[in-house]
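Undergrad: Data file input15.cif (mmCIF, C-alpha atoms and all ligand atoms) is appended below.
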```cif
data_final
#
loop_
_atom_site.label_atom_id
_atom_site.label_comp_id
_atom_site.auth_asym_id
_atom_site.auth_seq_id
_atom_site.Cartn_x
_atom_site.Cartn_y
_atom_site.Cartn_z
CA MET O 1 45.99 -4.47 34.72
CA SER O 2 42.40 -3.45 34.20
CA ILE O 3 41.22 -3.38 30.61
CA LYS O 4 38.64 -0.62 30.07
CA SER O 5 38.20 -0.84 26.31
CA MET O 6 37.94 -3.82 24.01
CA VAL O 7 36.77 -2.13 20.82
CA ALA O 8 38.78 -1.61 17.65
CA TYR O 9 37.67 1.97 16.94
CA ASN O 10 39.33 2.09 13.52
CA GLY O 11 39.35 5.87 13.42
CA ARG O 12 35.62 6.28 13.93
CA GLU O 13 34.40 9.16 16.08
CA ILE O 14 31.88 7.58 18.43
CA PRO O 15 30.16 10.10 20.74
CA LYS O 16 29.22 9.16 24.31
CA GLU O 17 25.61 9.99 23.72
CA ASP O 18 23.37 10.61 20.70
CA LYS O 19 22.18 14.25 21.03
CA VAL O 20 18.77 13.58 19.52
CA PHE O 21 18.01 10.70 21.87
CA ALA O 22 19.36 12.65 24.88
CA ALA O 23 17.11 15.63 24.11
CA SER O 24 14.04 13.51 23.47
CA GLY O 25 14.72 11.54 26.67
CA ALA O 26 14.76 14.82 28.65
CA ALA O 27 11.48 15.86 26.96
CA LEU O 28 9.82 12.57 27.88
CA ASP O 29 10.92 12.99 31.51
CA ALA O 30 9.32 16.45 31.53
CA VAL O 31 6.09 15.07 30.04
CA GLU O 32 5.99 12.50 32.82
CA LYS O 33 6.46 15.21 35.44
CA TYR O 34 4.30 18.06 34.07
CA GLY O 35 1.94 16.40 31.58
CA LYS O 36 1.72 16.61 27.78
CA ALA O 37 -0.15 19.91 27.66
CA ASP O 38 2.58 21.85 29.51
CA VAL O 39 5.57 20.53 27.58
CA ILE O 40 6.61 21.34 24.01
CA ASN O 41 8.50 18.33 22.75
CA ALA O 42 9.89 19.50 19.42
CA THR O 43 12.66 16.91 19.35
CA VAL O 44 10.95 14.04 17.58
CA GLY O 45 11.41 13.03 13.95
CA ALA O 46 7.96 11.49 13.62
CA LEU O 47 4.51 12.95 13.03
CA TYR O 48 2.42 13.28 16.19
CA ASP O 49 -1.24 14.27 16.45
CA ASP O 50 -2.40 17.37 18.30
CA GLU O 51 -2.84 15.36 21.50
CA GLY O 52 0.83 14.38 21.46
CA ASP O 53 0.43 10.77 20.31
CA LEU O 54 2.25 9.12 17.41
CA LEU O 55 0.07 9.50 14.32
CA VAL O 56 -0.45 6.11 12.68
CA LEU O 57 -2.55 5.92 9.50
CA LYS O 58 -5.56 3.87 10.59
CA SER O 59 -5.94 2.24 7.19
CA VAL O 60 -2.32 1.04 7.34
CA GLU O 61 -2.79 -0.20 10.90
CA LYS O 62 -5.84 -2.19 9.84
CA VAL O 63 -3.98 -4.00 7.05
CA MET O 64 -1.00 -4.70 9.30
CA LYS O 65 -3.27 -6.26 11.92
CA SER O 66 -5.02 -8.41 9.32
CA LEU O 67 -1.86 -10.15 8.11
CA PRO O 68 -1.75 -13.93 8.48
CA ALA O 69 1.23 -15.36 10.38
CA THR O 70 3.12 -16.44 7.26
CA SER O 71 3.10 -12.84 6.02
CA PHE O 72 5.27 -11.68 8.86
CA ALA O 73 6.98 -14.90 9.92
CA ALA O 74 8.35 -16.01 6.54
CA TYR O 75 11.56 -14.62 5.12
CA ALA O 76 11.19 -12.15 2.29
CA PRO O 77 13.45 -12.42 -0.78
CA ILE O 78 16.70 -10.48 -0.25
CA ALA O 79 15.69 -7.50 -2.42
CA GLY O 80 12.01 -7.62 -1.39
CA THR O 81 8.91 -9.47 -2.55
CA PRO O 82 7.96 -8.90 -6.22
CA GLY O 83 4.60 -7.38 -5.21
CA PHE O 84 6.31 -4.97 -2.82
CA LYS O 85 8.86 -3.90 -5.42
CA ASP O 86 6.09 -3.06 -7.92
CA ALA O 87 4.07 -1.23 -5.29
CA ILE O 88 6.91 0.82 -3.80
CA LEU O 89 8.01 1.85 -7.29
CA LYS O 90 4.47 3.13 -7.93
CA ALA O 91 4.49 4.96 -4.59
CA ALA O 92 7.85 6.59 -5.28
CA LEU O 93 7.04 7.60 -8.87
CA TYR O 94 3.43 8.68 -8.28
CA GLY O 95 2.56 8.56 -11.98
CA PHE O 96 5.91 9.84 -13.28
CA GLU O 97 7.06 7.76 -16.24
CA PRO O 98 10.86 7.63 -16.37
CA LYS O 99 12.75 7.12 -19.61
CA SER O 100 15.62 5.70 -17.55
CA TYR O 101 15.91 2.02 -16.61
CA THR O 102 14.49 1.68 -13.12
CA ALA O 103 15.27 -1.15 -10.70
CA VAL O 104 14.29 -1.63 -7.07
CA VAL O 105 16.09 -3.10 -4.06
CA GLY O 106 14.21 -3.20 -0.76
CA THR O 107 16.08 -2.05 2.36
CA PRO O 108 15.28 -1.70 6.07
CA GLY O 109 14.48 2.02 6.05
CA GLY O 110 15.93 4.83 4.01
CA THR O 111 18.96 4.40 6.25
CA GLY O 112 19.68 1.05 4.60
CA ALA O 113 19.35 2.57 1.13
CA ILE O 114 21.81 5.33 1.97
CA ARG O 115 24.20 2.82 3.53
CA ASN O 116 24.18 0.60 0.43
CA ALA O 117 24.61 3.55 -1.92
CA ILE O 118 27.70 4.78 -0.06
CA ALA O 119 29.13 1.25 0.25
CA ASN O 120 28.73 0.41 -3.43
CA TYR O 121 29.29 3.67 -5.28
CA SER O 122 32.35 5.03 -3.45
CA GLU O 123 35.69 3.62 -2.31
CA PRO O 124 37.19 3.45 1.19
CA GLY O 125 38.97 6.77 1.82
CA ASP O 126 36.67 8.70 -0.56
CA LYS O 127 34.63 11.69 0.51
CA VAL O 128 30.86 11.71 0.16
CA LEU O 129 29.42 15.12 -0.75
CA THR O 130 26.42 16.58 1.04
CA ALA O 131 25.08 19.95 2.17
CA SER O 132 26.25 21.91 5.21
CA TRP O 133 22.78 21.36 6.73
CA HIS O 134 22.36 17.61 6.64
CA TRP O 135 21.02 14.60 8.51
CA ALA O 136 23.82 13.57 10.92
CA PRO O 137 23.88 9.84 9.96
CA TYR O 138 25.24 10.73 6.48
CA LYS O 139 28.53 11.41 8.24
CA SER O 140 28.42 8.52 10.70
CA ILE O 141 27.39 5.99 8.03
CA SER O 142 30.25 7.24 5.86
CA ASN O 143 32.68 6.94 8.78
CA GLU O 144 31.43 3.47 9.60
CA LEU O 145 32.30 2.54 6.00
CA TYR O 146 35.73 4.23 6.16
CA ARG O 147 34.67 7.18 4.04
CA GLY O 148 34.75 10.85 4.95
CA ILE O 149 32.33 13.63 4.22
CA GLU O 150 32.66 16.93 2.39
CA ARG O 151 30.02 19.63 2.71
CA TYR O 152 29.07 22.43 0.35
CA GLU O 153 27.53 25.54 1.89
CA MET O 154 23.82 24.97 1.31
CA PHE O 155 22.86 28.66 1.03
CA ASP O 156 24.59 31.73 -0.32
CA GLU O 157 24.45 35.17 1.33
CA ASN O 158 21.05 35.80 -0.28
CA GLY O 159 19.53 32.64 1.16
CA LYS O 160 19.57 30.91 -2.24
CA PHE O 161 20.82 27.37 -2.94
CA ASN O 162 24.58 27.79 -3.20
CA VAL O 163 25.29 26.38 -6.67
CA ALA O 164 28.74 28.00 -6.77
CA ASP O 165 29.95 26.07 -3.72
CA PHE O 166 28.24 22.89 -4.92
CA GLU O 167 30.09 23.24 -8.23
CA TYR O 168 33.40 23.99 -6.52
CA LYS O 169 33.14 20.90 -4.28
CA VAL O 170 32.04 18.58 -7.12
CA LYS O 171 35.01 19.72 -9.22
CA LYS O 172 37.42 19.44 -6.28
CA LEU O 173 36.37 15.90 -5.37
CA THR O 174 36.15 14.54 -8.91
CA ARG O 175 39.71 15.73 -9.52
CA ASN O 176 40.99 13.11 -7.05
CA GLN O 177 38.26 10.45 -6.86
CA GLU O 178 37.07 8.11 -9.57
CA HIS O 179 33.73 7.75 -7.76
CA LEU O 180 31.62 10.39 -6.06
CA VAL O 181 28.46 9.83 -4.02
CA ILE O 182 26.41 13.02 -3.65
CA ILE O 183 23.49 12.98 -1.20
CA ILE O 184 20.76 15.58 -1.69
CA ASN O 185 17.91 15.52 0.81
CA THR O 186 14.94 17.31 -0.75
CA PRO O 187 12.07 18.24 -0.60
CA ALA O 188 11.37 18.97 3.08
CA ASN O 189 15.05 18.77 3.93
CA ASN O 190 16.02 17.63 7.40
CA PRO O 191 16.78 19.90 9.29
CA THR O 192 15.82 23.03 7.32
CA GLY O 193 12.59 22.23 5.46
CA TYR O 194 14.15 23.56 2.23
CA ALA O 195 13.27 22.13 -1.18
CA LEU O 196 15.49 22.65 -4.20
CA THR O 197 13.63 24.71 -6.81
CA MET O 198 13.55 23.68 -10.48
CA GLU O 199 16.14 26.42 -11.14
CA ASP O 200 18.38 24.86 -8.46
CA TRP O 201 17.93 21.48 -10.17
CA TYR O 202 18.83 22.79 -13.63
CA GLU O 203 22.02 24.18 -12.11
CA VAL O 204 22.81 20.88 -10.34
CA LYS O 205 22.35 19.10 -13.68
CA ARG O 206 24.57 21.61 -15.48
CA VAL O 207 27.35 21.05 -12.92
CA LEU O 208 27.06 17.25 -13.15
CA ASP O 209 26.95 17.32 -16.95
CA GLU O 210 30.36 19.02 -16.89
CA VAL O 211 31.98 16.16 -14.93
CA PRO O 212 34.27 14.16 -17.27
CA LEU O 213 32.69 10.89 -18.40
CA GLU O 214 35.41 8.75 -16.81
CA LYS O 215 34.30 9.95 -13.34
CA LYS O 216 31.32 8.11 -11.89
CA ILE O 217 28.68 9.93 -9.90
CA ALA O 218 25.96 8.34 -7.75
CA LEU O 219 23.37 11.04 -7.09
CA VAL O 220 21.44 9.87 -4.03
CA LEU O 221 18.09 11.63 -3.64
CA ASP O 222 17.03 11.19 -0.06
CA VAL O 223 13.28 11.83 -0.33
CA ALA O 224 12.39 10.58 3.17
CA TYR O 225 9.80 13.37 3.68
CA ILE O 226 8.54 13.79 0.10
CA ASP O 227 4.94 12.76 0.81
CA TYR O 228 4.56 15.51 3.42
CA ALA O 229 6.10 18.31 1.36
CA GLY O 230 3.10 19.41 -0.71
CA ASP O 231 1.11 18.22 -3.72
CA PRO O 232 2.56 14.74 -4.46
CA ARG O 233 2.98 15.40 -8.21
CA GLU O 234 4.37 18.90 -7.83
CA VAL O 235 6.99 17.86 -5.27
CA ARG O 236 8.20 15.23 -7.73
CA SER O 237 8.64 17.64 -10.66
CA PHE O 238 12.44 17.41 -10.27
CA TYR O 239 12.27 13.77 -11.44
CA SER O 240 12.18 15.12 -15.00
CA VAL O 241 15.65 16.63 -14.41
CA ILE O 242 17.26 13.51 -12.96
CA ASP O 243 15.66 11.25 -15.56
CA ASN O 244 17.79 10.22 -18.52
CA MET O 245 21.04 11.75 -17.27
CA ARG O 246 24.44 11.16 -18.83
CA ALA O 247 25.84 7.61 -18.64
CA ASN O 248 28.32 8.46 -15.85
CA ILE O 249 25.59 9.71 -13.51
CA LEU O 250 23.40 7.28 -11.62
CA PRO O 251 20.47 8.82 -9.73
CA ILE O 252 19.33 6.64 -6.82
CA ILE O 253 16.12 7.49 -4.99
CA ALA O 254 16.09 6.49 -1.31
CA TYR O 255 12.34 6.13 -0.76
CA SER O 256 11.23 5.30 2.77
CA ALA O 257 7.97 3.84 4.06
CA SER O 258 8.75 5.20 7.54
CA LYS O 259 6.94 8.51 7.08
CA THR O 260 4.88 7.85 3.93
CA PHE O 261 3.05 4.87 5.46
CA THR O 262 3.80 5.68 9.15
CA LEU O 263 5.77 2.43 9.33
CA TYR O 264 8.79 3.90 11.12
CA GLY O 265 9.58 0.91 13.32
CA ALA O 266 8.64 -1.72 10.75
CA ARG O 267 11.82 -0.79 8.81
CA CYS O 268 10.82 -0.68 5.18
CA ALA O 269 12.14 1.29 2.20
CA ALA O 270 13.60 0.89 -1.24
CA MET O 271 16.49 2.18 -3.25
CA ILE O 272 15.43 2.88 -6.84
CA CYS O 273 17.85 3.61 -9.65
CA PHE O 274 17.27 5.73 -12.76
CA ALA O 275 19.94 4.00 -14.84
CA HIS O 276 21.13 5.10 -18.26
CA ASN O 277 21.18 1.54 -19.62
CA PRO O 278 19.91 -1.94 -18.63
CA GLU O 279 23.39 -3.20 -17.68
CA VAL O 280 23.78 -0.54 -14.98
CA ALA O 281 20.27 -1.30 -13.66
CA GLU O 282 21.02 -5.02 -13.54
CA GLU O 283 24.33 -4.41 -11.81
CA PHE O 284 22.51 -2.15 -9.31
CA VAL O 285 20.24 -5.04 -8.29
CA LYS O 286 23.07 -7.58 -8.17
CA VAL O 287 25.47 -5.50 -6.11
CA ASN O 288 22.98 -3.95 -3.71
CA SER O 289 21.30 -7.31 -3.09
CA PHE O 290 24.75 -8.69 -2.25
CA SER O 291 25.20 -5.86 0.26
CA CYS O 292 21.76 -6.55 1.79
CA ARG O 293 22.60 -10.22 2.15
CA ASN O 294 25.82 -9.46 3.96
CA THR O 295 24.59 -6.64 6.17
CA TRP O 296 21.06 -7.42 7.40
CA SER O 297 20.14 -10.23 5.02
CA ASN O 298 16.49 -9.74 4.05
CA SER O 299 14.23 -6.91 5.21
CA SER O 300 11.00 -7.30 7.23
CA ARG O 301 8.28 -8.99 5.26
CA ALA O 302 5.20 -7.58 7.04
CA PRO O 303 5.44 -3.95 5.84
CA GLN O 304 6.17 -5.21 2.32
CA GLU O 305 2.95 -7.21 2.37
CA VAL O 306 1.06 -4.20 3.71
CA ILE O 307 2.27 -1.92 0.92
CA GLU O 308 1.56 -4.55 -1.73
CA LYS O 309 -2.01 -4.89 -0.43
CA ILE O 310 -2.56 -1.12 -0.45
CA TYR O 311 -1.62 -0.90 -4.14
CA ALA O 312 -3.73 -3.95 -5.07
CA ASP O 313 -6.97 -2.50 -3.65
CA PRO O 314 -8.19 0.85 -5.05
CA GLU O 315 -10.52 1.47 -2.11
CA LEU O 316 -7.77 0.86 0.43
CA PHE O 317 -5.37 2.95 -1.62
CA LYS O 318 -7.84 5.84 -1.52
CA ALA O 319 -8.31 5.50 2.23
CA VAL O 320 -4.53 5.68 2.77
CA GLU O 321 -4.21 8.67 0.42
CA ASP O 322 -7.07 10.54 2.12
CA GLU O 323 -5.65 9.97 5.57
CA ARG O 324 -2.16 10.99 4.51
CA THR O 325 -3.50 14.13 2.81
CA ALA O 326 -5.20 15.16 6.07
CA ALA O 327 -2.01 14.49 8.04
CA ARG O 328 0.00 16.49 5.49
CA GLU O 329 -2.39 19.46 5.71
CA MET O 330 -2.04 19.41 9.49
CA LEU O 331 1.75 19.38 9.23
CA LEU O 332 1.85 22.13 6.59
CA ALA O 333 -0.35 24.34 8.81
CA ARG O 334 2.08 23.85 11.71
CA GLY O 335 5.09 24.81 9.57
CA ARG O 336 3.29 27.88 8.19
CA GLY O 337 2.21 28.81 11.72
CA PHE O 338 5.79 28.74 12.99
CA GLU O 339 7.04 30.66 9.96
CA GLU O 340 4.36 33.37 10.27
CA GLU O 341 4.99 33.96 13.97
CA ALA O 342 8.77 34.02 13.42
CA LYS O 343 8.34 36.60 10.68
CA LYS O 344 6.10 38.80 12.85
CA ILE O 345 8.74 39.10 15.58
CA GLY O 346 11.79 39.11 13.30
CA LEU O 347 13.16 35.70 14.32
CA GLU O 348 15.51 34.50 11.58
CA ILE O 349 14.98 30.97 10.28
CA VAL O 350 16.95 28.98 7.71
CA PRO O 351 15.10 29.05 4.30
CA PHE O 352 12.06 26.83 4.81
CA SER O 353 9.47 25.45 2.46
CA ALA O 354 7.73 22.50 4.18
CA GLY O 355 8.35 19.38 6.18
CA PHE O 356 8.89 17.97 9.63
CA PHE O 357 11.52 20.51 10.74
CA VAL O 358 12.41 24.21 10.86
CA THR O 359 15.87 25.42 11.85
CA VAL O 360 16.76 28.61 13.71
CA PRO O 361 20.39 29.63 13.23
CA CYS O 362 22.25 30.73 16.38
CA SER O 363 25.75 31.04 17.80
CA ASP O 364 25.37 28.64 20.77
CA PRO O 365 22.76 25.96 20.06
CA ASP O 366 23.50 23.96 23.24
CA ALA O 367 23.03 27.00 25.48
CA LEU O 368 19.82 27.96 23.68
CA CYS O 369 18.37 24.47 24.12
CA GLU O 370 19.32 24.49 27.82
CA GLU O 371 17.64 27.88 28.31
CA LEU O 372 14.45 26.67 26.58
CA LYS O 373 14.38 23.54 28.72
CA LYS O 374 13.71 25.84 31.70
CA LYS O 375 10.43 26.76 29.95
CA ASN O 376 9.67 23.11 29.19
CA ALA O 377 10.41 23.49 25.48
CA PHE O 378 12.72 20.85 24.02
CA LEU O 379 14.60 21.30 20.72
CA ILE O 380 17.62 19.64 19.14
CA PRO O 381 20.95 21.49 19.16
CA LEU O 382 22.83 21.25 15.82
CA GLY O 383 26.23 22.64 14.85
CA ALA O 384 25.00 26.09 13.79
CA GLY O 385 21.41 26.27 14.96
CA VAL O 386 18.54 24.55 16.72
CA ARG O 387 16.16 22.15 15.02
CA VAL O 388 12.47 22.48 15.80
CA SER O 389 10.26 19.53 14.97
CA VAL O 390 6.93 20.99 13.87
CA ALA O 391 5.89 17.37 13.24
CA SER O 392 5.61 16.58 16.93
CA SER O 393 3.72 19.60 18.30
CA SER O 394 0.26 21.06 17.70
CA GLU O 395 -0.13 24.20 15.57
CA ALA O 396 -0.86 26.21 18.73
CA LYS O 397 2.44 25.10 20.25
CA CYS O 398 4.29 25.73 16.97
CA ARG O 399 2.90 29.28 16.99
CA ARG O 400 4.07 29.82 20.58
CA LEU O 401 7.63 28.63 20.00
CA PRO O 402 9.14 31.53 17.97
CA ALA O 403 8.50 34.05 20.76
CA MET O 404 9.92 31.62 23.34
CA ILE O 405 13.05 31.10 21.23
CA LYS O 406 13.49 34.84 20.66
CA GLU O 407 13.13 35.55 24.37
CA ALA O 408 15.64 32.83 25.28
CA MET O 409 18.11 34.24 22.72
CA GLU O 410 17.72 37.71 24.23
CA THR O 411 18.26 36.33 27.75
CA LEU O 412 21.50 34.76 26.50
CA GLY O 413 22.53 37.95 24.69
CA MET O 414 22.49 36.29 21.25
C1 LIG K 501 16.81 12.95 6.11
C2 LIG K 501 16.48 11.56 6.48
N1 LIG K 501 16.81 10.59 5.64
C3 LIG K 501 16.53 9.32 5.90
C4 LIG K 501 15.91 8.96 7.08
C5 LIG K 501 15.73 7.48 7.25
O1 LIG K 501 14.68 7.06 7.93
P1 LIG K 501 14.31 5.51 7.91
O2 LIG K 501 15.55 4.73 7.97
O3 LIG K 501 13.45 5.34 9.11
O4 LIG K 501 13.56 5.30 6.64
C6 LIG K 501 15.56 9.94 8.01
C7 LIG K 501 14.93 9.60 9.29
O5 LIG K 501 14.85 10.31 10.21
C8 LIG K 501 15.86 11.28 7.70
O6 LIG K 501 15.56 12.27 8.54
#
```
In structure tokens, what does this structure look like?
Ligand SMILES: Cc1ncc(COP(=O)(O)O)c(C=O)c1O
TA:
Amino acid sequence: MSIKSMVAYNGREIPKEDKVFAASGAALDAVEKYGKADVINATVGALYDDEGDLLVLKSVEKVMKSLPATSFAAYAPIAGTPGFKDAILKAALYGFEPKSYTAVVGTPGGTGAIRNAIANYSEPGDKVLTASWHWAPYKSISNELYRGIERYEMFDENGKFNVADFEYKVKKLTRNQEHLVIIINTPANNPTGYALTMEDWYEVKRVLDEVPLEKKIALVLDVAYIDYAGDPREVRSFYSVIDNMRANILPIIAYSASKTFTLYGARCAAMICFAHNPEVAEEFVKVNSFSCRNTWSNSSRAPQEVIEKIYADPELFKAVEDERTAAREMLLARGRGFEEEAKKIGLEIVPFSAGFFVTVPCSDPDALCEELKKKNAFLIPLGAGVRVSVASSSEAKCRRLPAMIKEAMETLGM
């Protein structure tokens, strides 16, 4: 008897191949064959410069390279070094002064923060609520933890945030579950680039305020792209809505250093709670530290030291801010460029505000991506559209893409 499988799948759906990595692998092969200039690689979830190289903030690179061996070789405390926790809180809040009780637990990437939030604020068998357009790992992390996922339609027929469906799904799930984790990825949502408006936020708050007090809600704000979404203070204005919420609602900010400090591979982030009282904040640290310890133990020390140093040195802080502002302006110009060209030729896009990605809705995303590959343009097929990374292509390429997409759709009769 030949045994072909040894794994206990435990009901998880494990695809043969990750679509994002497959598409980016094909793009890299094309770059090798035809050269960077002749290929549009819009598959990548990282910011690239106009020459097609990963953009790394030079000021951050300099600090990283200056670290003594003990700074990267020694273990960090489970929830992060004290200096890092202070610094990352400052970075996440950007001058906002919460009335809530904040507490910080360091994690390896925003991914770790989301994982801990689902593990600790929902029960096995529960459903986690997120939007119809969402980052795919929300579902696979939930599955890995024996939870399911429920989606609300993100937009109504007028292209507005669909509060009615959000409300319906919150009410439906809280009828049967004691706990509910809700993940909202804003601003610069992946994959759409949408940001909830203040009006959307007031409605979200109204819906959550109506949930009976005996039901416990963890409101996870995945702000992975917040520092590339626009003016840093303006894009944080929704903090005033999630601050000081009712006692049964716990906002948790998943704040990642991957994009903000271009430390993608260094694996650094924090989960930050806006707790109603000190007991809930203390419990947040205790329980999430326990999860860290038993999942990945401590996080990488080097990026924590880097971020601490940036916040301890005003000159260095300014250098990082200036560089990031320039990178953000470049990214915003690319997004606007794509949007303008799409509008000119009548190519429909999902409501977009800013960020790394734009999404074009279509009936057969796989076929559309295959057709575009023939023109050396590489995008990511999603369930109901194709995701274009404006973060990884120059503005000129971003401006060329809408016409290429429209032409490919016409060839396919879409
Ligand atoms: C929406 C969203 N959330 C969170 C993350 C987490 O990134 P990291 O774990 O690198 O911080 C990503 C990364 O692509 C993302 O797109």
Undergrad: Please find the residues contacting ligand LIG 501 (chain K) at a distance of at most 8 Å between atoms, with all atoms listed in the file counted, and report them as an MDAnalysis selection string.
TA: chainID O and resid 45:46 108:112 114 134:135 185 189:191 222:225 254:259 264:265 267:269
Undergrad: Between atom CA of O:Ile253 and atom CA of O:Leu221, what distance in Å does the model show, to one decimal?
TA: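 Those two atoms sit 4.8 Å apart.
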Undergrad: Can you work out the spacing between atom CA of O:Ile183 and atom CA of O:Ala76 in Å, to one decimal?
TA: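 It comes out at 28.2 Å.
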Undergrad: Which residues are near O:Gly52? Cut-off 8 Å, only C-alpha atoms, ignore same chain within fewer than 3 positions. Put them as a PyMOL selection string.
TA: chain O and resi 36+48-49+392-394
Undergrad: Pick out the closest residue to O:Met154 from this set: O:Ala195, O:Val306, O:Val287, O:Leu250. Count only C-alpha atoms.
TA: O:Ala195
Undergrad: May I ask for the distance between atom CA of O:Arg12 and atom CA of O:Asn143, given in Å to one decimal place?
TA: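 Separating atom CA of O:Arg12 from atom CA of O:Asn143 is a distance of 6.0 Å.
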